[in-house]
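To keep things clear, I will list the structure first and then write my remarks on it.
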Amino acid sequence: MNHYFEGKVREQLQKYAQGAWYYIGHGQAFVDKGHTDPLDIYSPFELDRLLNEGDGNVQIFRSSMGADGEIATYDVEIFKQDDLKWILEYPMLAAGHLENVLNSILKEYARFDMPCAVSLTPSGFHVENKLLYDSDAYRALAAHGRISKSLEDKCTLNKVDSKQEHATPDKERAWAALGELFLYISLRVKQKTKSDMDIYIADSAYEGIALDLTCFTDPGYMRDMRMPWSAWQKQLTKAWKYGGLDFTRGIGALTCIPLGNLSYKDGVEIMFDRNKVIEYSHFADTTLPDGSAGWLRVFEEYKKTSLARFADDFHNTPINWKKCMKFDVYSLSEGVADIFRKPDPKLLQPICIRAFCSEMMERGYHPKFIAGVLSHRFFRKIVNAPGQRDNLYWKKYDAETRTGYYTLVYTAEKAIAMDSHKNLARSVDTEFEVGVT
């Protein structure tokens, strides 16, 4: 059943898509058309053409950047290493774990009187609002954010990708500053939430819930968000993780939906039934609220924290590239050194970067030196990528942006764990541990 042909579904998609610079379609339909990759990029005027592709199972994404602002998305997923069949087999069990985390996030947003919209996916949820360019919050974050020279060049001199057309250094600085605010909120959520599953920031190890901040390791112009009402096809595109094709083909069509006033479990029930999705589209709302004033309140509180001072020290400390280039990564423990023996894919995996940061912090290295070593190794991989396709895959990342943000996240976490920066975990009130000092 192609729910994209339903008028109300299409109307809801158009509402969410308003202002997008581009759309991406992903699915088997594009392979059938002869594409090497199962995706295609569409201009802002081609949403209807994209929705007419395939049989209703094409996944629809939009640019995070838009004509009037950025979509600030909190992406949360439940994770189990190479075994996600249970998420589809027992969706209500997964929903119970996820709802617990969602409630903690919504309490944080409420603290700052910040409106948001929640959409569900079979493996997690998105909490979203807009950061408008014409707002005090955007101007404050653009003034605060720090970006690498290489990323600035990609926004001004080297616009080789159509996605970069609307990128500017100010937009990237605001995106980088927003990443610090998401880290702040994530540390609070992680410490506040009581969960039977481990909660990880940016990535999960073997089993847990990931507060996925990886969008801040990429240039903002590369971030595409799955749209509510989009089909969800991970059970087919990554079938080996979800029990194999024999199992996943029997699941049927899955659809992401806005949660609205539904209970989490009622939302899950609708996601698994296209007829219910179509019926729900007559009552739901996909409008993205303006969160700008709330983000400014988050920023004003964040500036007073020791986490902000930790981040300032990180950004203001220069990298000694000669020392970073000479550092012997193979002198580290066997498991961590193996990251650099097999950089593809390990240097792309946040959990490996986390292990490297942890060991380097324990050995007493400054976070910026840790970032420099990682950045150098990442850049070496870009330069030395053997094939054109491999080379392009690595070049889509900005080395300093990717490694710098991951290092900031994981060294801040490690500092708290080591109690070497006590103020990072000092209480602002009786309810939360991470806060203003």
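We name chains A, B, ... following the order of the structure tokens; residues begin at 1 in each chain, and ligands are numbered from 1 as shown.
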- Message: Based on the backbone DSSP call, show me all residues of stretch 147-392 of chain A assigned strand (DSSP E or B), as a VMD selection string.
- Response: chain A and resid 199 to 201 207 to 212 224 to 226 231 255 257 to 258 290 305
Practice item. With a distance cut-off of 6 Å and only C-alpha atoms, select the neighbouring residues of A:Cys256, excluding the residue or stretch itself and same-chain residues fewer than 2 positions from it, and output the selection as a ChimeraX atom specification. Key: /A:120-121,228-230
Note to self: Just checking: using only C-alpha atoms, which residue out of A:Ser358, A:Thr287, A:Gln164, A:Ser148 ends up closest to A:Ile319?
What the structure shows: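 Closest to A:Ile319 of all the choices is A:Ser148.
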* Asked: A:Ala412, A:Cys155, A:Leu259, A:Met65: which is nearest A:His366, counting only C-alpha atoms?
  ->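 Using only C-alpha atoms, A:His366 sits closest to A:Ala412.
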Notebook entry, point to check: Which one is closest to A:Pro219: A:Asp113, A:Glu207, A:Glu279, A:Asp398? Count only C-alpha atoms.
Noted result: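 Using only C-alpha atoms, A:Pro219 sits closest to A:Asp398.
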- Considering only C-alpha atoms, return as a list in words whatever protein or nucleic-acid residues lie within 12 Å of A:Lys107, sequence-local ones (same chain, fewer than 3 positions apart) excluded.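 Answer for this query is Asn100, Val101, Leu102, Asn103, Ser104, Ala110, Arg111, Phe112, Asp113, Met114, Pro115, Cys116, Ile185, Arg188, Val189, Lys192, Thr193, Glu431 and Phe432 of chain A.
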Could you save those same residues with N, CA and C atoms as a short mmCIF file (atom, residue, chain, number, x, y, z; two decimals), in the first residue's frame?
data_model
loop_
_atom_site.label_atom_id
_atom_site.label_comp_id
_atom_site.auth_asym_id
_atom_site.auth_seq_id
_atom_site.Cartn_x
_atom_site.Cartn_y
_atom_site.Cartn_z
N ASN A 100 10.96 5.74 28.75
CA ASN A 100 11.61 6.20 29.98
C ASN A 100 12.61 7.32 29.68
N VAL A 101 13.40 7.12 28.63
CA VAL A 101 14.39 8.13 28.24
C VAL A 101 13.70 9.36 27.67
N LEU A 102 12.67 9.13 26.86
CA LEU A 102 11.94 10.27 26.28
C LEU A 102 11.38 11.17 27.38
N ASN A 103 10.83 10.59 28.42
CA ASN A 103 10.27 11.40 29.50
C ASN A 103 11.33 12.27 30.16
N SER A 104 12.55 11.73 30.32
CA SER A 104 13.65 12.53 30.89
C SER A 104 14.02 13.69 29.98
N ALA A 110 11.24 20.99 29.12
CA ALA A 110 10.25 21.76 29.89
C ALA A 110 10.93 22.73 30.85
N ARG A 111 12.09 22.34 31.37
CA ARG A 111 12.84 23.24 32.28
C ARG A 111 13.13 24.56 31.61
N PHE A 112 13.34 24.51 30.30
CA PHE A 112 13.69 25.72 29.55
C PHE A 112 12.49 26.27 28.79
N ASP A 113 11.30 25.75 29.11
CA ASP A 113 10.07 26.20 28.45
C ASP A 113 10.26 26.16 26.93
N MET A 114 10.75 25.03 26.44
CA MET A 114 11.12 24.90 25.03
C MET A 114 10.18 23.90 24.34
N PRO A 115 9.36 24.37 23.43
CA PRO A 115 8.44 23.47 22.73
C PRO A 115 9.19 22.52 21.80
N CYS A 116 8.60 21.36 21.56
CA CYS A 116 9.23 20.39 20.68
C CYS A 116 8.16 19.46 20.12
N ILE A 185 22.77 18.76 27.72
CA ILE A 185 21.49 18.12 28.02
C ILE A 185 21.66 16.61 28.14
N ARG A 188 23.00 15.44 31.44
CA ARG A 188 21.96 15.55 32.46
C ARG A 188 20.95 14.40 32.32
N VAL A 189 20.53 14.12 31.09
CA VAL A 189 19.58 13.04 30.86
C VAL A 189 20.17 11.70 31.28
N LYS A 192 20.20 11.45 35.03
CA LYS A 192 18.89 11.51 35.68
C LYS A 192 18.07 10.24 35.46
N THR A 193 18.23 9.63 34.28
CA THR A 193 17.34 8.54 33.89
C THR A 193 17.70 7.23 34.57
N GLU A 431 17.85 17.98 41.98
CA GLU A 431 17.31 16.98 41.07
C GLU A 431 18.35 16.45 40.09
N PHE A 432 19.25 17.33 39.66
CA PHE A 432 20.22 16.95 38.64
C PHE A 432 21.63 17.10 39.16
#
### Task
Quick one: everything within 12 Å of A:Tyr365, counting only C-alpha atoms, minus sequence neighbours fewer than 4 positions away in the same chain. Send it as a PyMOL selection string.
chain A and resi 323-324+327+356-361+369-373+407+411+415
Problem - atom CA of A:Ala202 to atom CA of A:His97, straight-line distance in Å - result: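 Straight-line distance from atom CA of A:His97 to atom CA of A:Ala202 works out to 17.5 Å.
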The residue from A:Lys85, A:His26, A:Lys368, A:Lys8 with the smallest atom-to-atom distance to A:Ile251, counting only C-alpha atoms, is A:Lys85
Can you pull out the residues contacting A:Gly96? Cut-off 10 Å, using only C-alpha atoms, and skip same-chain residues under 6 positions away; I want them as a PyMOL selection string.
chain A and resi 195+264-265
With a distance cut-off of 10 Å and only C-alpha atoms, select the neighbouring residues of A:Pro350, excluding the residue or stretch itself and same-chain residues fewer than 4 positions from it, and output the selection as an MDAnalysis selection string. chainID A and resid 201:205 214 346 354:356 402:403 406:407 410
Calculated over only C-alpha atoms, which of the candidates A:Ala311, A:Leu93, A:Leu157, A:Ala117 has the smallest distance to A:Tyr184?
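Of A:Ala311, A:Leu93, A:Leu157, A:Ala117, the one nearest A:Tyr184 is A:Ala311, counting only C-alpha atoms.
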Item to complete: Mind giving me the straight-line distance from atom CA of A:Thr217 to atom CA of A:Gly404 in Å, one decimal?
Response: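 Straight-line distance from atom CA of A:Thr217 to atom CA of A:Gly404 works out to 7.7 Å.
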